[in-house]
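Asks: Next comes protein.txt, compact mmCIF, C-alpha atoms:
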# COMPACT_ATOMS: atom_id res chain seq x y z
CA MET H 1 -204.26 149.11 205.40
CA ARG H 2 -207.56 147.26 205.28
CA VAL H 3 -207.28 143.75 206.69
CA SER H 4 -210.60 142.12 207.38
CA GLU H 5 -212.29 138.76 207.51
CA GLU H 6 -213.48 139.38 203.93
CA ALA H 7 -209.89 139.65 202.66
CA VAL H 8 -208.85 136.47 204.49
CA PHE H 9 -211.95 134.65 203.21
CA ARG H 10 -210.94 135.60 199.66
CA TRP H 11 -207.62 133.84 200.32
CA VAL H 12 -209.48 130.74 201.55
CA VAL H 13 -211.28 130.60 198.21
CA ILE H 14 -208.04 131.18 196.24
CA VAL H 15 -206.04 128.55 198.19
CA GLY H 16 -209.01 126.15 197.97
CA ALA H 17 -209.13 126.51 194.19
CA VAL H 18 -205.34 126.03 193.87
CA VAL H 19 -205.40 122.95 196.13
CA ALA H 20 -208.34 121.46 194.20
CA PHE H 21 -206.41 122.01 190.94
CA LEU H 22 -203.27 120.41 192.41
CA VAL H 23 -205.22 117.41 193.74
CA VAL H 24 -206.71 116.78 190.29
CA VAL H 25 -203.33 117.18 188.54
CA THR H 26 -201.61 114.90 191.08
CA LEU H 27 -204.25 112.20 190.73
CA LEU H 28 -204.05 112.40 186.92
CA THR H 29 -200.23 112.44 186.73
CA SER H 30 -197.90 111.77 189.66
CA ALA H 31 -196.90 113.10 193.08
CA LEU H 32 -193.71 114.59 191.59
CA VAL H 33 -195.67 116.75 189.12
CA GLY H 34 -197.98 117.86 191.94
CA ALA H 35 -195.03 118.72 194.18
CA ILE H 36 -193.31 120.76 191.43
CA LEU H 37 -196.54 122.65 190.73
CA LEU H 38 -196.99 123.25 194.47
CA LEU H 39 -193.46 124.67 194.63
CA LEU H 40 -194.24 126.98 191.69
CA PHE H 41 -197.43 128.20 193.36
CA VAL H 42 -195.56 128.79 196.65
CA LEU H 43 -192.90 130.81 194.77
CA ALA H 44 -195.61 132.81 192.97
CA GLY H 45 -197.25 133.47 196.36
CA CYS H 46 -193.94 134.69 197.81
CA VAL H 47 -193.38 137.07 194.86
CA HIS H 48 -196.95 138.38 195.20
CA ALA H 49 -196.52 138.91 198.97
CA TYR H 50 -193.18 140.69 198.46
CA ARG H 51 -194.60 143.04 195.81
CA TRP H 52 -197.66 143.74 198.00
CA ALA H 53 -195.44 144.53 201.00
CA MET H 54 -193.19 146.85 198.92
CA ARG H 55 -196.23 148.68 197.51
CA LYS H 56 -197.66 149.19 201.01
CA ARG H 57 -194.27 150.42 202.22
CA ARG H 58 -194.06 152.99 199.41
CA GLU H 59 -197.65 154.12 200.14
CA SER H 60 -196.93 154.57 203.84
CA ARG H 61 -193.80 156.62 203.10
CA GLY H 62 -195.27 158.65 200.28
CA MET E 63 -207.79 147.93 228.94
CA GLU E 64 -210.59 150.27 229.93
CA SER E 65 -209.57 153.17 232.10
CA ALA E 66 -211.83 154.48 234.84
CA THR E 67 -212.70 158.13 235.22
CA VAL E 68 -214.31 159.36 238.42
CA THR E 69 -216.05 162.74 238.56
CA LEU E 70 -215.44 164.37 241.90
CA ASP E 71 -217.91 166.61 243.83
CA HIS E 72 -216.15 169.82 242.81
CA GLY E 73 -216.50 169.12 239.11
CA HIS E 74 -212.99 167.82 238.30
CA SER E 75 -212.62 164.41 236.77
CA GLU E 76 -209.84 162.24 238.11
CA HIS E 77 -208.32 159.56 235.90
CA HIS E 78 -207.67 156.12 237.38
CA GLY E 79 -205.66 153.27 235.97
CA PRO E 80 -203.19 153.28 233.09
CA PRO E 81 -203.79 155.63 230.14
CA GLU E 82 -205.38 154.39 226.94
CA ALA E 83 -202.82 152.81 224.62
CA ASN E 84 -201.77 155.02 221.73
CA GLN E 85 -202.98 153.51 218.45
CA SER E 86 -200.34 154.43 215.91
CA SER E 87 -201.30 151.70 213.43
CA ARG E 88 -204.03 152.15 210.83
CA ILE E 89 -205.31 148.70 211.72
CA ASP E 90 -207.26 148.15 214.94
CA ARG E 91 -205.27 146.42 217.66
CA GLN E 92 -207.49 143.31 217.92
CA THR E 93 -207.06 142.54 214.21
CA LEU E 94 -203.35 143.40 214.37
CA GLY E 95 -202.98 141.03 217.34
CA ILE E 96 -204.62 138.09 215.58
CA LEU E 97 -202.57 138.76 212.40
CA LEU E 98 -199.28 138.77 214.35
CA PHE E 99 -200.39 135.58 216.11
CA ILE E 100 -201.21 133.96 212.76
CA ILE E 101 -197.79 134.95 211.37
CA SER E 102 -196.12 133.22 214.34
CA GLU E 103 -198.34 130.17 213.77
CA VAL E 104 -197.34 130.03 210.11
CA MET E 105 -193.73 129.76 211.29
CA VAL E 106 -194.63 126.88 213.65
CA PHE E 107 -196.36 125.02 210.82
CA GLY E 108 -193.38 125.85 208.58
CA ALA E 109 -191.04 124.00 210.96
CA PHE E 110 -193.25 120.92 210.84
CA PHE E 111 -193.55 121.07 207.04
CA ALA E 112 -189.75 121.38 206.81
CA SER E 113 -189.44 118.17 208.88
CA TYR E 114 -192.00 116.45 206.68
CA PHE E 115 -190.25 117.37 203.43
CA PHE E 116 -186.87 116.49 204.91
CA LEU E 117 -188.13 112.97 205.64
CA ARG E 118 -189.89 112.75 202.31
CA VAL E 119 -187.25 114.21 199.98
CA VAL E 120 -183.84 114.11 201.67
CA VAL E 121 -184.15 110.75 203.44
CA ASN E 122 -186.13 109.52 200.41
CA PRO E 123 -187.62 106.19 201.57
CA SER E 124 -188.51 103.66 198.87
CA HIS E 125 -192.25 103.77 199.68
CA TRP E 126 -194.31 106.64 201.04
CA PRO E 127 -196.30 105.93 203.15
CA PRO E 128 -194.10 102.98 204.20
CA GLN E 129 -195.72 99.62 203.56
CA PRO E 130 -198.09 98.27 204.86
CA TYR E 131 -199.51 101.62 206.04
CA GLU E 132 -202.20 103.42 204.05
CA LEU E 133 -203.75 106.82 204.58
CA PRO E 134 -207.56 107.19 204.41
CA VAL E 135 -207.57 109.76 201.59
CA ALA E 136 -211.34 109.61 200.98
CA VAL E 137 -212.17 110.27 204.65
CA ALA E 138 -209.64 113.12 204.75
CA GLY E 139 -211.19 114.51 201.54
CA LEU E 140 -214.62 114.46 203.19
CA ASN E 141 -213.13 116.21 206.22
CA THR E 142 -211.60 118.83 203.90
CA ALA E 143 -215.01 119.52 202.36
CA ILE E 144 -216.49 119.90 205.87
CA LEU E 145 -213.81 122.38 206.97
CA VAL E 146 -213.99 124.43 203.76
CA SER E 147 -217.79 124.60 204.19
CA SER E 148 -217.28 125.96 207.70
CA SER E 149 -215.30 128.90 206.29
CA PHE E 150 -218.31 129.80 204.15
CA THR E 151 -220.66 129.60 207.14
CA VAL E 152 -218.46 131.81 209.34
CA HIS E 153 -218.27 134.29 206.44
CA TYR E 154 -222.09 134.14 206.24
CA ALA E 155 -222.26 134.90 209.98
CA LEU E 156 -220.08 137.99 209.48
CA GLU E 157 -222.03 139.19 206.45
CA SER E 158 -225.27 138.72 208.40
CA ILE E 159 -224.20 140.87 211.34
CA ARG E 160 -222.85 143.54 208.94
CA ARG E 161 -226.39 143.75 207.53
CA GLY E 162 -227.89 143.73 211.02
CA ASN E 163 -229.28 140.19 210.70
CA ARG E 164 -228.64 138.74 214.17
CA THR E 165 -230.49 135.48 213.46
CA GLY E 166 -228.27 134.83 210.44
CA MET E 167 -225.17 135.51 212.53
CA LYS E 168 -226.29 133.08 215.24
CA LEU E 169 -227.18 130.45 212.64
CA GLY E 170 -223.81 130.89 210.88
CA LEU E 171 -221.84 130.62 214.11
CA VAL E 172 -223.73 127.54 215.35
CA VAL E 173 -223.38 125.75 211.99
CA THR E 174 -219.65 126.66 211.86
CA TRP E 175 -219.13 125.28 215.36
CA MET E 176 -220.95 122.05 214.46
CA LEU E 177 -218.93 121.61 211.26
CA GLY E 178 -215.69 122.19 213.20
CA ALA E 179 -216.71 119.69 215.89
CA THR E 180 -217.60 117.15 213.17
CA PHE E 181 -214.17 117.64 211.59
CA LEU E 182 -212.46 117.02 214.93
CA PHE E 183 -214.64 113.98 215.68
CA ILE E 184 -213.84 112.43 212.28
CA GLN E 185 -210.12 113.10 212.80
CA ILE E 186 -210.12 111.42 216.23
CA ASN E 187 -212.04 108.50 214.72
CA GLU E 188 -209.42 108.35 211.95
CA TYR E 189 -206.64 108.16 214.56
CA ALA E 190 -208.47 105.27 216.28
CA HIS E 191 -208.72 103.23 213.08
CA ILE E 192 -205.64 104.23 211.08
CA GLY E 193 -203.53 101.26 212.18
CA PHE E 194 -200.30 103.00 213.22
CA SER E 195 -199.20 105.24 216.05
CA ALA E 196 -196.80 108.15 216.46
CA ARG E 197 -194.15 105.61 217.55
CA ASP E 198 -194.28 103.72 214.23
CA LEU E 199 -191.36 105.00 212.15
CA SER E 200 -190.64 108.65 211.42
CA PHE E 201 -193.61 108.56 209.05
CA GLY E 202 -196.01 107.92 211.94
CA THR E 203 -194.36 110.63 214.04
CA ILE E 204 -194.55 113.35 211.39
CA PHE E 205 -198.08 112.33 210.38
CA TYR E 206 -199.39 112.66 213.93
CA CYS E 207 -197.35 115.84 214.55
CA LEU E 208 -198.71 117.66 211.49
CA THR E 209 -202.32 116.51 211.73
CA GLY E 210 -202.29 116.73 215.55
CA LEU E 211 -200.89 120.26 215.48
CA HIS E 212 -203.66 121.23 213.11
CA GLY E 213 -206.25 119.41 215.24
CA ALA E 214 -205.10 121.44 218.28
CA HIS E 215 -205.67 124.61 216.26
CA VAL E 216 -209.17 123.45 215.33
CA PHE E 217 -209.84 122.85 219.04
CA ILE E 218 -208.68 126.38 219.91
CA GLY E 219 -210.78 127.74 217.03
CA LEU E 220 -213.82 125.92 218.43
CA LEU E 221 -213.20 127.52 221.84
CA LEU E 222 -213.06 130.98 220.22
CA LEU E 223 -216.23 130.22 218.25
CA SER E 224 -217.93 129.04 221.46
CA PHE E 225 -217.22 132.38 223.12
CA ALA E 226 -218.45 134.25 220.02
CA THR E 227 -221.61 132.12 219.86
CA ILE E 228 -222.42 132.63 223.55
CA ARG E 229 -221.91 136.39 223.15
CA ALA E 230 -224.06 136.38 220.00
CA PHE E 231 -226.94 134.73 221.88
CA ARG E 232 -226.54 137.34 224.62
CA GLY E 233 -226.95 140.09 222.02
CA HIS E 234 -223.42 141.49 222.24
CA PHE E 235 -222.75 142.26 218.55
CA GLY E 236 -223.92 145.00 216.20
CA PRO E 237 -223.61 146.01 212.52
CA ASP E 238 -220.83 148.61 213.06
CA ALA E 239 -217.31 147.33 212.37
CA LYS E 240 -216.13 147.98 215.93
CA ASP E 241 -219.19 146.22 217.36
CA HIS E 242 -218.58 142.81 215.81
CA LEU E 243 -214.82 142.39 216.25
CA GLY E 244 -215.68 139.50 218.60
CA VAL E 245 -216.93 137.59 215.54
CA GLU E 246 -214.44 138.96 213.00
CA VAL E 247 -211.29 138.01 214.93
CA PRO E 248 -212.33 134.34 215.51
CA GLY E 249 -213.46 134.34 211.86
CA ILE E 250 -209.98 135.35 210.66
CA TYR E 251 -208.43 132.66 212.88
CA TRP E 252 -210.89 130.07 211.55
CA HIS E 253 -210.00 130.92 207.94
CA PHE E 254 -206.31 130.53 208.82
CA VAL E 255 -207.03 127.06 210.29
CA ASP E 256 -208.91 126.19 207.09
CA ILE E 257 -206.06 127.34 204.80
CA MET E 258 -203.54 125.34 206.87
CA TRP E 259 -205.67 122.22 206.60
CA LEU E 260 -205.85 122.57 202.81
CA ILE E 261 -202.04 122.59 202.71
CA VAL E 262 -201.75 119.72 205.24
CA PHE E 263 -204.27 117.65 203.24
CA LEU E 264 -202.45 118.28 199.98
CA THR E 265 -198.97 117.46 201.28
CA VAL E 266 -199.74 114.59 203.68
CA TYR E 267 -202.63 112.79 201.99
CA VAL E 268 -202.34 113.56 198.26
CA LEU E 269 -198.71 114.17 197.28
Would you encode the structure as structure tokens?
Replies:
Amino acid sequence: MRVSEEAVFRWVVIVGAVVAFLVVVTLLTSALVGAILLLLFVLAGCVHAYRWAMRKRRESRG
Amino acid sequence: MESATVTLDHGHSEHHGPPEANQSSRIDRQTLGILLFIISEVMVFGAFFASYFFLRVVVNPSHWPPQPYELPVAVAGLNTAILVSSSFTVHYALESIRRGNRTGMKLGLVVTWMLGATFLFIQINEYAHIGFSARDLSFGTIFYCLTGLHGAHVFIGLLLLSFATIRAFRGHFGPDAKDHLGVEVPGIYWHFVDIMWLIVFLTVYVL
């Protein structure tokens, strides 16, 4: 498993881009729309993390 | 922990101290340690975010922030830009030492430290002028808890960066991966602090 500063920095850029998008959407619409979108992004992040963890588990066993 | 080995006169070497820890993981123990620490920190922040959303959604006050309070969104936005910039500079410091550029690493670390200190200074200044305290309603309490918790993390990050910077100026780091863990580990922590601020800024100041 390769975990390095580079990988974490990539997540800073991804989260930064998502937050910038959510700030713009919230300012253009309303806080409720921003909150719903944030919830969707959090759910997508959880699904991604779960799939990543399962893949790593299979790799370590196989 | 480093173990000591003493070579005796008759040629045998005698081992002193505890044996080297067995490394069963494919990730080095310093990086594993900071990752486990960050996971525990995510849970701490999660508890505070749960409190925030409980107050915001379940209690559902008519105005948020309660009148007549206002949050300085523009100043917080500027602070966000400063902190995000500091992630780029610490990444530059790491990339520099990977290429063997010690001057670039020192420059990156010093600039990162200064950006972090500026962030903390602006946040303390914001507290001084914001017009409410942690005692003013549950809103004031959760605002100071979330931003204060993050501020404490920035302070710890600055301490780690200070140690890394001092070591960099003493010539401690090298291009090999195992020779610059002292910059990489604080760098990972600093990125975590940055990501947490982005989420705090979005939830507390924008939503």
Asks: Ranking E:Glu103, E:Leu221, E:Val121, E:Asn163 by minimum distance to Phe235 of chain E and counting all atoms listed in the file, which one comes first?
Replies: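 For Phe235 of chain E, the nearest of the given residues is E:Asn163.
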Asks: Could you please tell me, as a list in words, which residues of chain E have an atom within 7 Å of chain H when using only C-alpha atoms?
Replies: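 Residues of chain E within 7 Å of chain H, counting only C-alpha atoms: Arg88, Ile89, Glu246, Gly249, Ile250, His253, Ile257, Leu260, Leu264, Val268 and Leu269 of chain E.
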Asks: Using atom CA of Pro123 of chain E and atom CA of Gly139 of chain E as the two end points, give the distance in Å to one decimal.
Replies: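 Here the two named atoms are 25.0 Å from each other.
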Asks: Interatomic distance between atom CA of Ile186 of chain E and atom CA of Val216 of chain E?
Replies: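 Distance reported for this atom pair: 12.1 Å.
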Asks: Skipping near chain neighbours, those fewer than 4 positions away, what residues fall within 12 Å of Tyr206 of chain E using all atoms listed in the file, listed as number ranges by chain?
Replies: E: 110, 114, 133, 185-186, 188-190, 192, 194-202, 210-214, 262, 266
Asks: Counting all atoms listed in the file, what is within 12 Å of Leu243 of chain E, bar same-chain residues fewer than 2 positions away, as JSON, numbers by chain?
Replies: {"H": [4, 5], "E": [90, 91, 92, 93, 94, 95, 96, 156, 159, 160, 226, 229, 230, 234, 235, 236, 237, 238, 239, 240, 241, 245, 246, 247, 248, 249, 250]}
Asks: Just how far from atom CA of Asp256 of chain E is atom CA of Ala138 of chain E, in Å to one decimal?
Replies: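 Value for the atom CA of Ala138 of chain E-atom CA of Asp256 of chain E distance: 13.3 Å.
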Asks: Could you rebuild segment 12-47 of chain H with N, CA and C atoms and give it back as a PDB file, in the coordinates of the input?
Replies:
ATOM      1  N   VAL H  12    -209.009 132.129 201.372  1.00  0.00           N
ATOM      2  CA  VAL H  12    -209.480 130.740 201.550  1.00  0.00           C
ATOM      3  C   VAL H  12    -209.973 130.199 200.213  1.00  0.00           C
ATOM      4  N   VAL H  13    -210.735 131.028 199.501  1.00  0.00           N
ATOM      5  CA  VAL H  13    -211.280 130.600 198.210  1.00  0.00           C
ATOM      6  C   VAL H  13    -210.137 130.378 197.201  1.00  0.00           C
ATOM      7  N   ILE H  14    -209.155 131.301 197.184  1.00  0.00           N
ATOM      8  CA  ILE H  14    -208.040 131.180 196.240  1.00  0.00           C
ATOM      9  C   ILE H  14    -207.222 129.916 196.537  1.00  0.00           C
ATOM     10  N   VAL H  15    -206.845 129.731 197.814  1.00  0.00           N
ATOM     11  CA  VAL H  15    -206.040 128.550 198.190  1.00  0.00           C
ATOM     12  C   VAL H  15    -206.847 127.279 197.931  1.00  0.00           C
ATOM     13  N   GLY H  16    -208.147 127.307 198.226  1.00  0.00           N
ATOM     14  CA  GLY H  16    -209.010 126.150 197.970  1.00  0.00           C
ATOM     15  C   GLY H  16    -209.007 125.767 196.502  1.00  0.00           C
ATOM     16  N   ALA H  17    -209.122 126.778 195.635  1.00  0.00           N
ATOM     17  CA  ALA H  17    -209.130 126.510 194.190  1.00  0.00           C
ATOM     18  C   ALA H  17    -207.777 125.946 193.737  1.00  0.00           C
ATOM     19  N   VAL H  18    -206.687 126.507 194.247  1.00  0.00           N
ATOM     20  CA  VAL H  18    -205.340 126.030 193.870  1.00  0.00           C
ATOM     21  C   VAL H  18    -205.144 124.589 194.345  1.00  0.00           C
ATOM     22  N   VAL H  19    -205.563 124.305 195.590  1.00  0.00           N
ATOM     23  CA  VAL H  19    -205.400 122.950 196.130  1.00  0.00           C
ATOM     24  C   VAL H  19    -206.250 121.956 195.332  1.00  0.00           C
ATOM     25  N   ALA H  20    -207.478 122.347 194.995  1.00  0.00           N
ATOM     26  CA  ALA H  20    -208.340 121.460 194.200  1.00  0.00           C
ATOM     27  C   ALA H  20    -207.681 121.154 192.849  1.00  0.00           C
ATOM     28  N   PHE H  21    -207.106 122.189 192.215  1.00  0.00           N
ATOM     29  CA  PHE H  21    -206.410 122.010 190.940  1.00  0.00           C
ATOM     30  C   PHE H  21    -205.221 121.056 191.108  1.00  0.00           C
ATOM     31  N   LEU H  22    -204.446 121.256 192.186  1.00  0.00           N
ATOM     32  CA  LEU H  22    -203.270 120.410 192.410  1.00  0.00           C
ATOM     33  C   LEU H  22    -203.654 118.959 192.714  1.00  0.00           C
ATOM     34  N   VAL H  23    -204.758 118.780 193.442  1.00  0.00           N
ATOM     35  CA  VAL H  23    -205.220 117.410 193.740  1.00  0.00           C
ATOM     36  C   VAL H  23    -205.575 116.695 192.442  1.00  0.00           C
ATOM     37  N   VAL H  24    -206.304 117.390 191.568  1.00  0.00           N
ATOM     38  CA  VAL H  24    -206.710 116.780 190.290  1.00  0.00           C
ATOM     39  C   VAL H  24    -205.471 116.444 189.440  1.00  0.00           C
ATOM     40  N   VAL H  25    -204.542 117.397 189.340  1.00  0.00           N
ATOM     41  CA  VAL H  25    -203.330 117.180 188.540  1.00  0.00           C
ATOM     42  C   VAL H  25    -202.510 116.021 189.109  1.00  0.00           C
ATOM     43  N   THR H  26    -202.387 115.971 190.445  1.00  0.00           N
ATOM     44  CA  THR H  26    -201.610 114.900 191.080  1.00  0.00           C
ATOM     45  C   THR H  26    -202.256 113.540 190.833  1.00  0.00           C
ATOM     46  N   LEU H  27    -203.575 113.474 190.945  1.00  0.00           N
ATOM     47  CA  LEU H  27    -204.250 112.200 190.730  1.00  0.00           C
ATOM     48  C   LEU H  27    -204.155 111.753 189.263  1.00  0.00           C
ATOM     49  N   LEU H  28    -204.130 112.740 188.346  1.00  0.00           N
ATOM     50  CA  LEU H  28    -204.050 112.400 186.920  1.00  0.00           C
ATOM     51  C   LEU H  28    -202.625 112.062 186.490  1.00  0.00           C
ATOM     52  N   THR H  29    -201.631 112.660 187.148  1.00  0.00           N
ATOM     53  CA  THR H  29    -200.230 112.440 186.730  1.00  0.00           C
ATOM     54  C   THR H  29    -199.472 111.687 187.832  1.00  0.00           C
ATOM     55  N   SER H  30    -198.637 112.418 188.577  1.00  0.00           N
ATOM     56  CA  SER H  30    -197.900 111.770 189.660  1.00  0.00           C
ATOM     57  C   SER H  30    -197.637 112.774 190.784  1.00  0.00           C
ATOM     58  N   ALA H  31    -197.174 112.230 191.926  1.00  0.00           N
ATOM     59  CA  ALA H  31    -196.900 113.100 193.080  1.00  0.00           C
ATOM     60  C   ALA H  31    -195.793 114.098 192.767  1.00  0.00           C
ATOM     61  N   LEU H  32    -194.834 113.701 191.932  1.00  0.00           N
ATOM     62  CA  LEU H  32    -193.710 114.590 191.590  1.00  0.00           C
ATOM     63  C   LEU H  32    -194.214 115.829 190.851  1.00  0.00           C
ATOM     64  N   VAL H  33    -195.103 115.623 189.880  1.00  0.00           N
ATOM     65  CA  VAL H  33    -195.670 116.750 189.120  1.00  0.00           C
ATOM     66  C   VAL H  33    -196.438 117.676 190.072  1.00  0.00           C
ATOM     67  N   GLY H  34    -197.228 117.063 190.967  1.00  0.00           N
ATOM     68  CA  GLY H  34    -197.980 117.860 191.940  1.00  0.00           C
ATOM     69  C   GLY H  34    -197.068 118.666 192.840  1.00  0.00           C
ATOM     70  N   ALA H  35    -195.968 118.033 193.288  1.00  0.00           N
ATOM     71  CA  ALA H  35    -195.030 118.720 194.180  1.00  0.00           C
ATOM     72  C   ALA H  35    -194.341 119.885 193.472  1.00  0.00           C
ATOM     73  N   ILE H  36    -193.968 119.673 192.191  1.00  0.00           N
ATOM     74  CA  ILE H  36    -193.310 120.760 191.430  1.00  0.00           C
ATOM     75  C   ILE H  36    -194.278 121.922 191.236  1.00  0.00           C
ATOM     76  N   LEU H  37    -195.536 121.585 190.888  1.00  0.00           N
ATOM     77  CA  LEU H  37    -196.540 122.650 190.730  1.00  0.00           C
ATOM     78  C   LEU H  37    -196.780 123.385 192.041  1.00  0.00           C
ATOM     79  N   LEU H  38    -196.810 122.631 193.149  1.00  0.00           N
ATOM     80  CA  LEU H  38    -196.990 123.250 194.470  1.00  0.00           C
ATOM     81  C   LEU H  38    -195.849 124.228 194.748  1.00  0.00           C
ATOM     82  N   LEU H  39    -194.633 123.804 194.428  1.00  0.00           N
ATOM     83  CA  LEU H  39    -193.460 124.670 194.630  1.00  0.00           C
ATOM     84  C   LEU H  39    -193.587 125.956 193.812  1.00  0.00           C
ATOM     85  N   LEU H  40    -194.058 125.804 192.556  1.00  0.00           N
ATOM     86  CA  LEU H  40    -194.240 126.980 191.690  1.00  0.00           C
ATOM     87  C   LEU H  40    -195.284 127.935 192.268  1.00  0.00           C
ATOM     88  N   PHE H  41    -196.386 127.355 192.763  1.00  0.00           N
ATOM     89  CA  PHE H  41    -197.430 128.200 193.360  1.00  0.00           C
ATOM     90  C   PHE H  41    -196.912 128.902 194.618  1.00  0.00           C
ATOM     91  N   VAL H  42    -196.120 128.185 195.429  1.00  0.00           N
ATOM     92  CA  VAL H  42    -195.560 128.790 196.650  1.00  0.00           C
ATOM     93  C   VAL H  42    -194.636 129.945 196.263  1.00  0.00           C
ATOM     94  N   LEU H  43    -193.805 129.747 195.236  1.00  0.00           N
ATOM     95  CA  LEU H  43    -192.900 130.810 194.770  1.00  0.00           C
ATOM     96  C   LEU H  43    -193.701 132.016 194.261  1.00  0.00           C
ATOM     97  N   ALA H  44    -194.749 131.727 193.486  1.00  0.00           N
ATOM     98  CA  ALA H  44    -195.610 132.810 192.970  1.00  0.00           C
ATOM     99  C   ALA H  44    -196.242 133.572 194.135  1.00  0.00           C
ATOM    100  N   GLY H  45    -196.665 132.840 195.175  1.00  0.00           N
ATOM    101  CA  GLY H  45    -197.250 133.470 196.360  1.00  0.00           C
ATOM    102  C   GLY H  45    -196.245 134.362 197.071  1.00  0.00           C
ATOM    103  N   CYS H  46    -194.997 133.894 197.160  1.00  0.00           N
ATOM    104  CA  CYS H  46    -193.940 134.690 197.810  1.00  0.00           C
ATOM    105  C   CYS H  46    -193.680 135.984 197.039  1.00  0.00           C
ATOM    106  N   VAL H  47    -193.616 135.879 195.703  1.00  0.00           N
ATOM    107  CA  VAL H  47    -193.380 137.070 194.860  1.00  0.00           C
ATOM    108  C   VAL H  47    -194.530 138.055 195.035  1.00  0.00           C
TER     109      VAL H  47
END
